[in-house]
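This is data_18.cif. It holds mmCIF, N, CA and C atoms.
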data_run
loop_
_atom_site.label_atom_id
_atom_site.label_comp_id
_atom_site.auth_asym_id
_atom_site.auth_seq_id
_atom_site.Cartn_x
_atom_site.Cartn_y
_atom_site.Cartn_z
N MET A 95 -21.29 -142.50 -24.30
CA MET A 95 -19.89 -142.15 -24.28
C MET A 95 -19.11 -143.31 -24.87
N HIS A 96 -18.22 -143.01 -25.78
CA HIS A 96 -17.41 -144.04 -26.45
C HIS A 96 -15.94 -143.73 -26.24
N ALA A 97 -15.12 -144.78 -26.23
CA ALA A 97 -13.72 -144.57 -25.91
C ALA A 97 -12.82 -145.47 -26.73
N ARG A 98 -11.59 -145.04 -26.90
CA ARG A 98 -10.55 -145.87 -27.51
C ARG A 98 -9.57 -146.23 -26.42
N ARG A 99 -9.35 -147.52 -26.28
CA ARG A 99 -8.50 -147.99 -25.20
C ARG A 99 -7.77 -149.24 -25.65
N ILE A 100 -6.76 -149.59 -24.88
CA ILE A 100 -6.09 -150.87 -25.11
C ILE A 100 -6.00 -151.59 -23.78
N ARG A 101 -6.16 -152.89 -23.83
CA ARG A 101 -6.01 -153.70 -22.63
C ARG A 101 -4.53 -154.02 -22.49
N VAL A 102 -4.04 -153.88 -21.30
CA VAL A 102 -2.63 -154.11 -21.04
C VAL A 102 -2.51 -155.17 -19.95
N ASP A 103 -1.79 -156.26 -20.27
CA ASP A 103 -1.63 -157.27 -19.22
C ASP A 103 -0.65 -156.76 -18.17
N SER A 104 -0.63 -157.42 -17.02
CA SER A 104 0.17 -156.91 -15.90
C SER A 104 1.65 -156.83 -16.23
N CYS A 105 2.16 -157.72 -17.05
CA CYS A 105 3.57 -157.67 -17.44
C CYS A 105 3.85 -156.40 -18.24
N ARG A 106 2.98 -156.07 -19.19
CA ARG A 106 3.19 -154.88 -20.02
C ARG A 106 3.04 -153.61 -19.18
N VAL A 107 2.12 -153.62 -18.21
CA VAL A 107 1.99 -152.47 -17.34
C VAL A 107 3.30 -152.21 -16.62
N THR A 108 3.91 -153.26 -16.12
CA THR A 108 5.20 -153.12 -15.43
C THR A 108 6.24 -152.55 -16.38
N LEU A 109 6.30 -153.06 -17.61
CA LEU A 109 7.27 -152.56 -18.58
C LEU A 109 7.00 -151.09 -18.90
N LEU A 110 5.73 -150.72 -19.06
CA LEU A 110 5.41 -149.34 -19.37
C LEU A 110 5.80 -148.40 -18.24
N ARG A 111 5.67 -148.87 -17.01
CA ARG A 111 6.02 -148.02 -15.87
C ARG A 111 7.52 -147.73 -15.82
N PHE A 112 8.34 -148.66 -16.29
CA PHE A 112 9.78 -148.48 -16.20
C PHE A 112 10.41 -147.95 -17.49
N ARG A 113 9.65 -147.91 -18.57
CA ARG A 113 10.14 -147.36 -19.82
C ARG A 113 10.11 -145.84 -19.74
N THR A 114 11.08 -145.19 -20.32
CA THR A 114 11.11 -143.73 -20.34
C THR A 114 10.05 -143.24 -21.30
N MET A 115 9.16 -142.39 -20.77
CA MET A 115 8.12 -141.81 -21.63
C MET A 115 8.72 -140.67 -22.44
N LEU A 116 8.08 -140.42 -23.57
CA LEU A 116 8.45 -139.25 -24.35
C LEU A 116 8.30 -138.01 -23.47
N ASP A 117 9.20 -137.09 -23.61
CA ASP A 117 9.12 -135.85 -22.85
C ASP A 117 8.58 -134.77 -23.80
N VAL A 118 7.27 -134.53 -23.72
CA VAL A 118 6.62 -133.60 -24.62
C VAL A 118 5.85 -132.59 -23.77
N SER A 119 6.13 -131.31 -23.98
CA SER A 119 5.42 -130.26 -23.25
C SER A 119 3.96 -130.21 -23.70
N ASP A 120 3.13 -129.53 -22.93
CA ASP A 120 1.73 -129.39 -23.30
C ASP A 120 1.58 -128.67 -24.64
N ASN A 121 2.38 -127.62 -24.85
CA ASN A 121 2.31 -126.89 -26.12
C ASN A 121 2.73 -127.76 -27.29
N GLU A 122 3.80 -128.53 -27.12
CA GLU A 122 4.27 -129.43 -28.18
C GLU A 122 3.23 -130.51 -28.46
N PHE A 123 2.61 -131.02 -27.41
CA PHE A 123 1.59 -132.05 -27.59
C PHE A 123 0.41 -131.47 -28.39
N ARG A 124 -0.02 -130.26 -28.06
CA ARG A 124 -1.11 -129.64 -28.81
C ARG A 124 -0.72 -129.40 -30.27
N ARG A 125 0.54 -129.06 -30.51
CA ARG A 125 1.02 -128.89 -31.89
C ARG A 125 0.96 -130.22 -32.64
N ILE A 126 1.36 -131.29 -31.98
CA ILE A 126 1.31 -132.63 -32.59
C ILE A 126 -0.13 -133.03 -32.88
N VAL A 127 -1.04 -132.71 -31.95
CA VAL A 127 -2.47 -132.99 -32.17
C VAL A 127 -2.94 -132.24 -33.42
N ALA A 128 -2.57 -130.97 -33.54
CA ALA A 128 -2.98 -130.16 -34.69
C ALA A 128 -2.45 -130.76 -35.98
N GLU A 129 -1.20 -131.22 -35.98
CA GLU A 129 -0.62 -131.83 -37.17
C GLU A 129 -1.32 -133.14 -37.52
N ALA A 130 -1.65 -133.92 -36.50
CA ALA A 130 -2.37 -135.18 -36.74
C ALA A 130 -3.75 -134.90 -37.32
N LEU A 131 -4.41 -133.86 -36.83
CA LEU A 131 -5.73 -133.50 -37.36
C LEU A 131 -5.65 -133.08 -38.82
N GLU A 132 -4.56 -132.41 -39.19
CA GLU A 132 -4.37 -131.99 -40.59
C GLU A 132 -4.26 -133.19 -41.53
N ARG A 133 -3.82 -134.34 -41.01
CA ARG A 133 -3.64 -135.54 -41.84
C ARG A 133 -4.96 -136.28 -42.07
N ILE A 134 -5.99 -135.95 -41.32
CA ILE A 134 -7.29 -136.61 -41.50
C ILE A 134 -7.94 -136.01 -42.75
N PRO A 135 -8.42 -136.85 -43.66
CA PRO A 135 -8.95 -136.34 -44.93
C PRO A 135 -10.06 -135.31 -44.77
N ASP A 136 -10.02 -134.27 -45.61
CA ASP A 136 -11.04 -133.22 -45.60
C ASP A 136 -12.43 -133.79 -45.83
N GLU A 137 -12.52 -134.86 -46.64
CA GLU A 137 -13.82 -135.47 -46.92
C GLU A 137 -14.50 -135.95 -45.64
N LEU A 138 -13.71 -136.34 -44.66
CA LEU A 138 -14.25 -136.77 -43.36
C LEU A 138 -14.50 -135.55 -42.46
N MET A 139 -13.51 -134.70 -42.33
CA MET A 139 -13.60 -133.57 -41.41
C MET A 139 -14.67 -132.55 -41.84
N HIS A 140 -14.96 -132.49 -43.12
CA HIS A 140 -15.97 -131.56 -43.63
C HIS A 140 -17.35 -131.83 -43.00
N HIS A 141 -17.60 -133.06 -42.61
CA HIS A 141 -18.90 -133.45 -42.06
C HIS A 141 -18.94 -133.39 -40.54
N VAL A 142 -17.83 -133.07 -39.92
CA VAL A 142 -17.78 -132.98 -38.46
C VAL A 142 -18.13 -131.54 -38.06
N LYS A 143 -19.25 -131.39 -37.38
CA LYS A 143 -19.73 -130.07 -36.99
C LYS A 143 -19.94 -130.02 -35.49
N ASN A 144 -19.55 -128.92 -34.88
CA ASN A 144 -19.81 -128.65 -33.47
C ASN A 144 -19.19 -129.72 -32.56
N VAL A 145 -17.94 -130.06 -32.83
CA VAL A 145 -17.20 -131.02 -32.01
C VAL A 145 -15.90 -130.36 -31.55
N ALA A 146 -15.71 -130.29 -30.24
CA ALA A 146 -14.49 -129.74 -29.67
C ALA A 146 -13.51 -130.87 -29.40
N ILE A 147 -12.24 -130.63 -29.69
CA ILE A 147 -11.20 -131.61 -29.37
C ILE A 147 -10.31 -130.99 -28.31
N THR A 148 -10.22 -131.66 -27.17
CA THR A 148 -9.45 -131.15 -26.04
C THR A 148 -8.43 -132.19 -25.60
N VAL A 149 -7.51 -131.75 -24.76
CA VAL A 149 -6.47 -132.64 -24.23
C VAL A 149 -6.49 -132.56 -22.71
N GLU A 150 -6.46 -133.71 -22.07
CA GLU A 150 -6.29 -133.80 -20.62
C GLU A 150 -5.12 -134.73 -20.35
N ASP A 151 -4.55 -134.61 -19.15
CA ASP A 151 -3.41 -135.46 -18.81
C ASP A 151 -3.79 -136.94 -18.76
N ARG A 152 -4.84 -137.24 -18.01
CA ARG A 152 -5.26 -138.62 -17.82
C ARG A 152 -6.77 -138.66 -17.60
N PRO A 153 -7.38 -139.80 -17.86
CA PRO A 153 -8.80 -139.92 -17.52
C PRO A 153 -8.96 -139.98 -16.00
N SER A 154 -10.04 -139.41 -15.52
CA SER A 154 -10.30 -139.43 -14.08
C SER A 154 -10.76 -140.83 -13.66
N PRO A 155 -10.56 -141.18 -12.40
CA PRO A 155 -11.08 -142.46 -11.91
C PRO A 155 -12.59 -142.57 -12.11
N GLU A 156 -13.31 -141.44 -12.00
CA GLU A 156 -14.75 -141.45 -12.20
C GLU A 156 -15.11 -141.81 -13.65
N LEU A 157 -14.35 -141.29 -14.60
CA LEU A 157 -14.60 -141.61 -16.01
C LEU A 157 -14.35 -143.08 -16.27
N LEU A 158 -13.25 -143.60 -15.76
CA LEU A 158 -12.96 -145.03 -15.95
C LEU A 158 -14.07 -145.89 -15.36
N GLU A 159 -14.55 -145.48 -14.20
CA GLU A 159 -15.64 -146.23 -13.56
C GLU A 159 -16.92 -146.12 -14.40
N GLU A 160 -17.22 -144.91 -14.89
CA GLU A 160 -18.42 -144.71 -15.71
C GLU A 160 -18.38 -145.56 -16.97
N LEU A 161 -17.19 -145.72 -17.55
CA LEU A 161 -17.03 -146.53 -18.75
C LEU A 161 -16.88 -148.01 -18.44
N ASP A 162 -16.87 -148.33 -17.15
CA ASP A 162 -16.73 -149.72 -16.68
C ASP A 162 -15.42 -150.33 -17.18
N LEU A 163 -14.34 -149.54 -17.07
CA LEU A 163 -13.03 -149.99 -17.52
C LEU A 163 -12.17 -150.37 -16.32
N PRO A 164 -11.48 -151.49 -16.41
CA PRO A 164 -10.57 -151.87 -15.33
C PRO A 164 -9.34 -150.96 -15.31
N ALA A 165 -8.66 -150.95 -14.19
CA ALA A 165 -7.50 -150.07 -14.01
C ALA A 165 -6.35 -150.41 -14.95
N ASP A 166 -6.31 -151.63 -15.50
CA ASP A 166 -5.17 -152.01 -16.34
C ASP A 166 -5.39 -151.68 -17.82
N GLU A 167 -6.40 -150.90 -18.15
CA GLU A 167 -6.60 -150.47 -19.53
C GLU A 167 -6.12 -149.03 -19.69
N LEU A 168 -5.50 -148.77 -20.81
CA LEU A 168 -5.06 -147.40 -21.12
C LEU A 168 -6.12 -146.76 -22.00
N LEU A 169 -6.64 -145.65 -21.58
CA LEU A 169 -7.66 -144.93 -22.34
C LEU A 169 -6.98 -143.78 -23.08
N PHE A 170 -7.02 -143.83 -24.42
CA PHE A 170 -6.38 -142.81 -25.24
C PHE A 170 -7.30 -141.62 -25.51
N GLY A 171 -8.59 -141.89 -25.63
CA GLY A 171 -9.51 -140.83 -25.95
C GLY A 171 -10.94 -141.25 -25.68
N VAL A 172 -11.82 -140.25 -25.65
CA VAL A 172 -13.23 -140.53 -25.41
C VAL A 172 -14.07 -139.50 -26.15
N TYR A 173 -15.20 -139.95 -26.70
CA TYR A 173 -16.16 -139.08 -27.35
C TYR A 173 -17.38 -138.97 -26.45
N THR A 174 -17.81 -137.76 -26.17
CA THR A 174 -19.05 -137.56 -25.44
C THR A 174 -19.94 -136.65 -26.28
N GLY A 175 -21.19 -137.02 -26.37
CA GLY A 175 -22.14 -136.24 -27.13
C GLY A 175 -23.20 -137.13 -27.72
N VAL A 176 -23.96 -136.56 -28.64
CA VAL A 176 -25.03 -137.27 -29.32
C VAL A 176 -24.54 -137.57 -30.74
N SER A 177 -24.49 -138.85 -31.10
CA SER A 177 -23.99 -139.20 -32.42
C SER A 177 -24.88 -138.59 -33.50
N LEU A 178 -24.29 -138.34 -34.65
CA LEU A 178 -24.98 -137.68 -35.75
C LEU A 178 -26.31 -138.34 -36.10
N PRO A 179 -26.38 -139.68 -36.20
CA PRO A 179 -27.68 -140.28 -36.53
C PRO A 179 -28.76 -140.05 -35.47
N GLU A 180 -28.35 -139.76 -34.25
CA GLU A 180 -29.31 -139.55 -33.16
C GLU A 180 -29.64 -138.08 -32.92
N GLN A 181 -28.94 -137.16 -33.59
CA GLN A 181 -29.19 -135.74 -33.38
C GLN A 181 -30.52 -135.33 -33.99
N SER A 182 -31.13 -134.34 -33.39
CA SER A 182 -32.42 -133.84 -33.83
C SER A 182 -32.26 -132.47 -34.49
N ILE A 183 -32.87 -132.31 -35.63
CA ILE A 183 -32.85 -131.01 -36.31
C ILE A 183 -33.71 -130.01 -35.54
N THR A 184 -34.79 -130.50 -34.96
CA THR A 184 -35.72 -129.62 -34.26
C THR A 184 -35.31 -129.34 -32.82
N TRP A 185 -34.35 -130.12 -32.30
CA TRP A 185 -33.90 -129.94 -30.92
C TRP A 185 -32.37 -130.01 -30.89
N PRO A 186 -31.69 -128.97 -31.40
CA PRO A 186 -30.23 -129.01 -31.47
C PRO A 186 -29.59 -128.94 -30.09
N SER A 187 -28.41 -129.48 -30.00
CA SER A 187 -27.65 -129.48 -28.75
C SER A 187 -27.19 -128.06 -28.41
N LEU A 188 -27.23 -127.74 -27.13
CA LEU A 188 -26.78 -126.42 -26.69
C LEU A 188 -25.26 -126.35 -26.61
N TYR A 189 -24.62 -127.49 -26.44
CA TYR A 189 -23.17 -127.54 -26.25
C TYR A 189 -22.55 -128.43 -27.31
N PRO A 190 -21.28 -128.17 -27.63
CA PRO A 190 -20.63 -129.04 -28.63
C PRO A 190 -20.35 -130.43 -28.06
N ASP A 191 -20.34 -131.41 -28.95
CA ASP A 191 -19.84 -132.72 -28.58
C ASP A 191 -18.35 -132.55 -28.31
N THR A 192 -17.76 -133.52 -27.62
CA THR A 192 -16.36 -133.38 -27.23
C THR A 192 -15.59 -134.67 -27.48
N ILE A 193 -14.40 -134.51 -28.01
CA ILE A 193 -13.42 -135.59 -28.07
C ILE A 193 -12.28 -135.17 -27.15
N VAL A 194 -12.01 -136.00 -26.16
CA VAL A 194 -10.91 -135.73 -25.23
C VAL A 194 -9.80 -136.72 -25.52
N LEU A 195 -8.59 -136.21 -25.73
CA LEU A 195 -7.40 -137.05 -25.88
C LEU A 195 -6.65 -137.03 -24.55
N PHE A 196 -6.13 -138.19 -24.15
CA PHE A 196 -5.43 -138.30 -22.88
C PHE A 196 -3.93 -138.43 -23.14
N LYS A 197 -3.23 -137.36 -22.79
CA LYS A 197 -1.80 -137.23 -23.08
C LYS A 197 -0.96 -138.33 -22.43
N GLY A 198 -1.16 -138.59 -21.14
CA GLY A 198 -0.34 -139.57 -20.43
C GLY A 198 -0.38 -140.96 -21.05
N PRO A 199 -1.56 -141.53 -21.24
CA PRO A 199 -1.63 -142.86 -21.86
C PRO A 199 -1.04 -142.89 -23.27
N LEU A 200 -1.29 -141.84 -24.06
CA LEU A 200 -0.72 -141.81 -25.41
C LEU A 200 0.81 -141.78 -25.37
N LEU A 201 1.37 -140.94 -24.50
CA LEU A 201 2.83 -140.86 -24.39
C LEU A 201 3.43 -142.17 -23.87
N SER A 202 2.67 -142.88 -23.03
CA SER A 202 3.22 -144.09 -22.39
C SER A 202 3.42 -145.24 -23.37
N VAL A 203 2.76 -145.21 -24.53
CA VAL A 203 2.90 -146.32 -25.48
C VAL A 203 3.67 -145.95 -26.75
N CYS A 204 4.01 -144.68 -26.91
CA CYS A 204 4.69 -144.24 -28.12
C CYS A 204 6.17 -144.03 -27.85
N GLU A 205 6.98 -144.51 -28.79
CA GLU A 205 8.43 -144.42 -28.61
C GLU A 205 9.03 -143.17 -29.25
N ASP A 206 8.31 -142.55 -30.19
CA ASP A 206 8.83 -141.33 -30.82
C ASP A 206 7.66 -140.46 -31.30
N ILE A 207 7.98 -139.29 -31.78
CA ILE A 207 6.97 -138.31 -32.19
C ILE A 207 6.14 -138.84 -33.36
N ILE A 208 6.76 -139.52 -34.30
CA ILE A 208 6.03 -140.04 -35.46
C ILE A 208 4.99 -141.06 -35.01
N GLU A 209 5.36 -141.96 -34.11
CA GLU A 209 4.40 -142.92 -33.58
C GLU A 209 3.29 -142.21 -32.81
N LEU A 210 3.63 -141.16 -32.07
CA LEU A 210 2.64 -140.39 -31.34
C LEU A 210 1.64 -139.73 -32.30
N GLU A 211 2.14 -139.12 -33.37
CA GLU A 211 1.25 -138.52 -34.37
C GLU A 211 0.31 -139.55 -34.95
N ASP A 212 0.84 -140.73 -35.28
CA ASP A 212 0.01 -141.80 -35.84
C ASP A 212 -1.06 -142.24 -34.84
N GLU A 213 -0.68 -142.41 -33.60
CA GLU A 213 -1.62 -142.87 -32.57
C GLU A 213 -2.70 -141.83 -32.30
N ILE A 214 -2.32 -140.56 -32.30
CA ILE A 214 -3.31 -139.49 -32.12
C ILE A 214 -4.29 -139.48 -33.30
N GLU A 215 -3.77 -139.61 -34.52
CA GLU A 215 -4.64 -139.63 -35.70
C GLU A 215 -5.62 -140.80 -35.63
N ILE A 216 -5.13 -141.98 -35.29
CA ILE A 216 -6.00 -143.16 -35.19
C ILE A 216 -7.06 -142.93 -34.10
N THR A 217 -6.64 -142.37 -32.97
CA THR A 217 -7.57 -142.14 -31.86
C THR A 217 -8.64 -141.13 -32.25
N VAL A 218 -8.25 -140.03 -32.90
CA VAL A 218 -9.24 -139.03 -33.31
C VAL A 218 -10.20 -139.62 -34.33
N VAL A 219 -9.70 -140.36 -35.30
CA VAL A 219 -10.58 -140.99 -36.30
C VAL A 219 -11.54 -141.96 -35.60
N HIS A 220 -11.03 -142.71 -34.64
CA HIS A 220 -11.86 -143.64 -33.87
C HIS A 220 -13.00 -142.88 -33.18
N GLU A 221 -12.67 -141.78 -32.51
CA GLU A 221 -13.70 -141.02 -31.79
C GLU A 221 -14.65 -140.31 -32.75
N ILE A 222 -14.15 -139.81 -33.88
CA ILE A 222 -15.03 -139.21 -34.88
C ILE A 222 -15.99 -140.27 -35.42
N ALA A 223 -15.53 -141.49 -35.55
CA ALA A 223 -16.41 -142.56 -36.01
C ALA A 223 -17.60 -142.73 -35.07
N HIS A 224 -17.36 -142.58 -33.77
CA HIS A 224 -18.47 -142.65 -32.82
C HIS A 224 -19.44 -141.48 -33.05
N TYR A 225 -18.91 -140.32 -33.38
CA TYR A 225 -19.75 -139.16 -33.72
C TYR A 225 -20.68 -139.52 -34.89
N PHE A 226 -20.16 -140.28 -35.85
CA PHE A 226 -20.96 -140.71 -36.99
C PHE A 226 -21.85 -141.92 -36.67
N GLY A 227 -21.77 -142.43 -35.44
CA GLY A 227 -22.63 -143.53 -35.02
C GLY A 227 -22.07 -144.91 -35.25
N ILE A 228 -20.77 -145.01 -35.52
CA ILE A 228 -20.14 -146.31 -35.78
C ILE A 228 -19.78 -146.97 -34.45
N SER A 229 -20.12 -148.23 -34.30
CA SER A 229 -19.92 -148.97 -33.05
C SER A 229 -18.47 -149.43 -32.87
N GLU A 230 -18.16 -149.80 -31.64
CA GLU A 230 -16.83 -150.36 -31.33
C GLU A 230 -16.56 -151.61 -32.18
N GLU A 231 -17.58 -152.45 -32.34
CA GLU A 231 -17.41 -153.69 -33.09
C GLU A 231 -17.04 -153.41 -34.55
N ARG A 232 -17.75 -152.45 -35.16
CA ARG A 232 -17.46 -152.11 -36.56
C ARG A 232 -16.08 -151.46 -36.68
N LEU A 233 -15.71 -150.64 -35.72
CA LEU A 233 -14.39 -150.03 -35.74
C LEU A 233 -13.30 -151.10 -35.66
N ALA A 234 -13.51 -152.13 -34.86
CA ALA A 234 -12.55 -153.23 -34.77
C ALA A 234 -12.42 -153.92 -36.13
N GLU A 235 -13.54 -154.12 -36.81
CA GLU A 235 -13.50 -154.74 -38.14
C GLU A 235 -12.71 -153.88 -39.13
N LEU A 236 -12.77 -152.57 -38.97
CA LEU A 236 -12.08 -151.64 -39.86
C LEU A 236 -10.64 -151.37 -39.46
N GLY A 237 -10.21 -151.89 -38.31
CA GLY A 237 -8.83 -151.71 -37.85
C GLY A 237 -8.61 -150.45 -37.03
N TYR A 238 -9.69 -149.86 -36.51
CA TYR A 238 -9.59 -148.65 -35.70
C TYR A 238 -9.98 -148.90 -34.26
N ALA A 239 -9.76 -150.08 -33.76
CA ALA A 239 -10.11 -150.39 -32.37
C ALA A 239 -8.97 -150.05 -31.44
#
Target format structure tokens, applied to this file:
Amino acid sequence: MHARRIRVDSCRVTLLRFRTMLDVSDNEFRRIVAEALERIPDELMHHVKNVAITVEDRPSPELLEELDLPADELLFGVYTGVSLPEQSITWPSLYPDTIVLFKGPLLSVCEDIIELEDEIEITVVHEIAHYFGISEERLAELGYA
């Protein structure tokens, strides 16, 4: 399981708690996700097969624990599944891989819809990179950490 997150120091956590979050309905958020996905180049998306993209409000405490993440990190998204280099032609997966975007953390750091679209696009590309087998370290080198 791979994730995109940011570490937030205690001062920034306090500021985020008191800052007004964007007020975006679930339907509007899904529309923004769809628009962000349209901005990802076809050359990349053409190779993504059997991957579901879903939205949840927040990561569960169990997920954060499973990922060994402290409570002061904001998790924007997570990829679960078998990366493309590890998939077997003779033993295909019964279920699709999944990219989950977390609405609450994304809204908490974005000041407007344009920034939200950008952050969703970066997060989806980050998680798709894990689907292709790219590590967190390499993503950091590429500017997608």
Exercise. Could you expand the PyMOL selection byres ((chain A and resi 124-133) around 7) into the explicit residues it covers here, written as a count of residues only?
Key: 13
Quiz item: Of the candidates A:Glu221, A:Ile208, A:Asp191, A:Ser202, which one gets nearest to Leu116 (chain A) if we count only N, CA and C atoms?
Solution: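 Looking only at the distances to Leu116 (chain A), the closest residue turns out to be A:Ser202.
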Quiz prompt | Residues of region 95-237 of chain A in strand (DSSP E or B), written as an NGL selection string | solution = :A and (96-101 or 145-150 or 167-174 or 191-196)
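You will find CA of Ser177 (chain A) at 5.3 Å from atom N of Phe226 (chain A).
You can rank A:Ile183, A:Ile193, A:Ala146, A:Leu200 by their closest distance to Phe170 (chain A) using only C-alpha atoms, and at the top of that list sits A:Leu200.
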Practice problem: Fewer than 6 positions away in the same chain doesn't count, so skip those; otherwise give me all residues within 10 Å of Thr192 (chain A), counting only C-alpha atoms, as a ChimeraX atom specification. | Solution: /A:95,144-148,172-176,221-222,225
Using N, CA and C atoms, can you export the residues from the last selection as an mmCIF file, in the frame of the given file?
data_model
loop_
_atom_site.group_PDB
_atom_site.id
_atom_site.type_symbol
_atom_site.label_atom_id
_atom_site.label_comp_id
_atom_site.auth_asym_id
_atom_site.auth_seq_id
_atom_site.Cartn_x
_atom_site.Cartn_y
_atom_site.Cartn_z
ATOM 1 N N MET A 95 -21.290 -142.500 -24.300
ATOM 2 C CA MET A 95 -19.890 -142.150 -24.280
ATOM 3 C C MET A 95 -19.110 -143.310 -24.870
ATOM 4 N N ASN A 144 -19.550 -128.920 -34.880
ATOM 5 C CA ASN A 144 -19.810 -128.650 -33.470
ATOM 6 C C ASN A 144 -19.190 -129.720 -32.560
ATOM 7 N N VAL A 145 -17.940 -130.060 -32.830
ATOM 8 C CA VAL A 145 -17.200 -131.020 -32.010
ATOM 9 C C VAL A 145 -15.900 -130.360 -31.550
ATOM 10 N N ALA A 146 -15.710 -130.290 -30.240
ATOM 11 C CA ALA A 146 -14.490 -129.740 -29.670
ATOM 12 C C ALA A 146 -13.510 -130.870 -29.400
ATOM 13 N N ILE A 147 -12.240 -130.630 -29.690
ATOM 14 C CA ILE A 147 -11.200 -131.610 -29.370
ATOM 15 C C ILE A 147 -10.310 -130.990 -28.310
ATOM 16 N N THR A 148 -10.220 -131.660 -27.170
ATOM 17 C CA THR A 148 -9.450 -131.150 -26.040
ATOM 18 C C THR A 148 -8.430 -132.190 -25.600
ATOM 19 N N VAL A 172 -11.820 -140.250 -25.650
ATOM 20 C CA VAL A 172 -13.230 -140.530 -25.410
ATOM 21 C C VAL A 172 -14.070 -139.500 -26.150
ATOM 22 N N TYR A 173 -15.200 -139.950 -26.700
ATOM 23 C CA TYR A 173 -16.160 -139.080 -27.350
ATOM 24 C C TYR A 173 -17.380 -138.970 -26.450
ATOM 25 N N THR A 174 -17.810 -137.760 -26.170
ATOM 26 C CA THR A 174 -19.050 -137.560 -25.440
ATOM 27 C C THR A 174 -19.940 -136.650 -26.280
ATOM 28 N N GLY A 175 -21.190 -137.020 -26.370
ATOM 29 C CA GLY A 175 -22.140 -136.240 -27.130
ATOM 30 C C GLY A 175 -23.200 -137.130 -27.720
ATOM 31 N N VAL A 176 -23.960 -136.560 -28.640
ATOM 32 C CA VAL A 176 -25.030 -137.270 -29.320
ATOM 33 C C VAL A 176 -24.540 -137.570 -30.740
ATOM 34 N N GLU A 221 -12.670 -141.780 -32.510
ATOM 35 C CA GLU A 221 -13.700 -141.020 -31.790
ATOM 36 C C GLU A 221 -14.650 -140.310 -32.750
ATOM 37 N N ILE A 222 -14.150 -139.810 -33.880
ATOM 38 C CA ILE A 222 -15.030 -139.210 -34.880
ATOM 39 C C ILE A 222 -15.990 -140.270 -35.420
ATOM 40 N N TYR A 225 -18.910 -140.320 -33.380
ATOM 41 C CA TYR A 225 -19.750 -139.160 -33.720
ATOM 42 C C TYR A 225 -20.680 -139.520 -34.890
#
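For the choices A:Arg152, A:His224, A:Arg232, A:His140, the atom-to-atom distance to Pro199 (chain A) is smallest for A:Arg152 when using all atoms listed in the file.
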Exercise. Using the chain letters and residue numbers of this document, give as a ChimeraX atom specification the residues selected by the PyMOL selection byres (((chain A and resi 195 and name CA) around 6) and name CA).
Key: /A:149,170-171,194,196
Using only N, CA and C atoms, please write the residues we just selected to a file, as a PDB file, keeping the file's coordinate frame.
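Saved to selection_22.pdb:
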ATOM      1  N   VAL A 149      -7.510-131.750 -24.760  1.00  0.00           N
ATOM      2  CA  VAL A 149      -6.470-132.640 -24.230  1.00  0.00           C
ATOM      3  C   VAL A 149      -6.490-132.560 -22.710  1.00  0.00           C
ATOM      4  N   PHE A 170      -7.020-143.830 -24.420  1.00  0.00           N
ATOM      5  CA  PHE A 170      -6.380-142.810 -25.240  1.00  0.00           C
ATOM      6  C   PHE A 170      -7.300-141.620 -25.510  1.00  0.00           C
ATOM      7  N   GLY A 171      -8.590-141.890 -25.630  1.00  0.00           N
ATOM      8  CA  GLY A 171      -9.510-140.830 -25.950  1.00  0.00           C
ATOM      9  C   GLY A 171     -10.940-141.250 -25.680  1.00  0.00           C
ATOM     10  N   VAL A 194     -12.010-136.000 -26.160  1.00  0.00           N
ATOM     11  CA  VAL A 194     -10.910-135.730 -25.230  1.00  0.00           C
ATOM     12  C   VAL A 194      -9.800-136.720 -25.520  1.00  0.00           C
ATOM     13  N   PHE A 196      -6.130-138.190 -24.150  1.00  0.00           N
ATOM     14  CA  PHE A 196      -5.430-138.300 -22.880  1.00  0.00           C
ATOM     15  C   PHE A 196      -3.930-138.430 -23.140  1.00  0.00           C
TER      16      PHE A 196
END
Quiz item: atom C of Trp185 (chain A) and CA of Asp162 (chain A), how far apart in Å?
Solution: 28.9 Å
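Across the structure, atom C of Glu159 (chain A) and atom N of Pro186 (chain A) are spaced 28.3 Å apart.
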Self-check item: DSSP helix (DSSP H, G or I) residues within chain A, listed as a count of residues only
Solution: 68
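Residue nearest Glu205 (chain A) within the list A:Met115, A:Leu138, A:Ile228, A:Leu178: A:Met115 [criterion: smallest interatomic distance, all atoms listed in the file].
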Taking the file as shown, what set of residues would the PyMOL selection byres (((chain A and resi 220 and name CA) around 8) and name CA) give back, as a tab-separated table (two decimals) with N, CA and C atoms, keeping the file's coordinate frame?
chain	number	residue	atom	x	y	z
A	98	ARG	N	-11.59	-145.04	-26.90
A	98	ARG	CA	-10.55	-145.87	-27.51
A	98	ARG	C	-9.57	-146.23	-26.42
A	216	ILE	N	-5.13	-141.98	-35.29
A	216	ILE	CA	-6.00	-143.16	-35.19
A	216	ILE	C	-7.06	-142.93	-34.10
A	217	THR	N	-6.64	-142.37	-32.97
A	217	THR	CA	-7.57	-142.14	-31.86
A	217	THR	C	-8.64	-141.13	-32.25
A	218	VAL	N	-8.25	-140.03	-32.90
A	218	VAL	CA	-9.24	-139.03	-33.31
A	218	VAL	C	-10.20	-139.62	-34.33
A	219	VAL	N	-9.70	-140.36	-35.30
A	219	VAL	CA	-10.58	-140.99	-36.30
A	219	VAL	C	-11.54	-141.96	-35.60
A	221	GLU	N	-12.67	-141.78	-32.51
A	221	GLU	CA	-13.70	-141.02	-31.79
A	221	GLU	C	-14.65	-140.31	-32.75
A	222	ILE	N	-14.15	-139.81	-33.88
A	222	ILE	CA	-15.03	-139.21	-34.88
A	222	ILE	C	-15.99	-140.27	-35.42
A	223	ALA	N	-15.53	-141.49	-35.55
A	223	ALA	CA	-16.41	-142.56	-36.01
A	223	ALA	C	-17.60	-142.73	-35.07
A	224	HIS	N	-17.36	-142.58	-33.77
A	224	HIS	CA	-18.47	-142.65	-32.82
A	224	HIS	C	-19.44	-141.48	-33.05
A	233	LEU	N	-15.71	-150.64	-35.72
A	233	LEU	CA	-14.39	-150.03	-35.74
A	233	LEU	C	-13.30	-151.10	-35.66
A	238	TYR	N	-9.69	-149.86	-36.51
A	238	TYR	CA	-9.59	-148.65	-35.70
A	238	TYR	C	-9.98	-148.90	-34.26
A	239	ALA	N	-9.76	-150.08	-33.76
A	239	ALA	CA	-10.11	-150.39	-32.37
A	239	ALA	C	-8.97	-150.05	-31.44
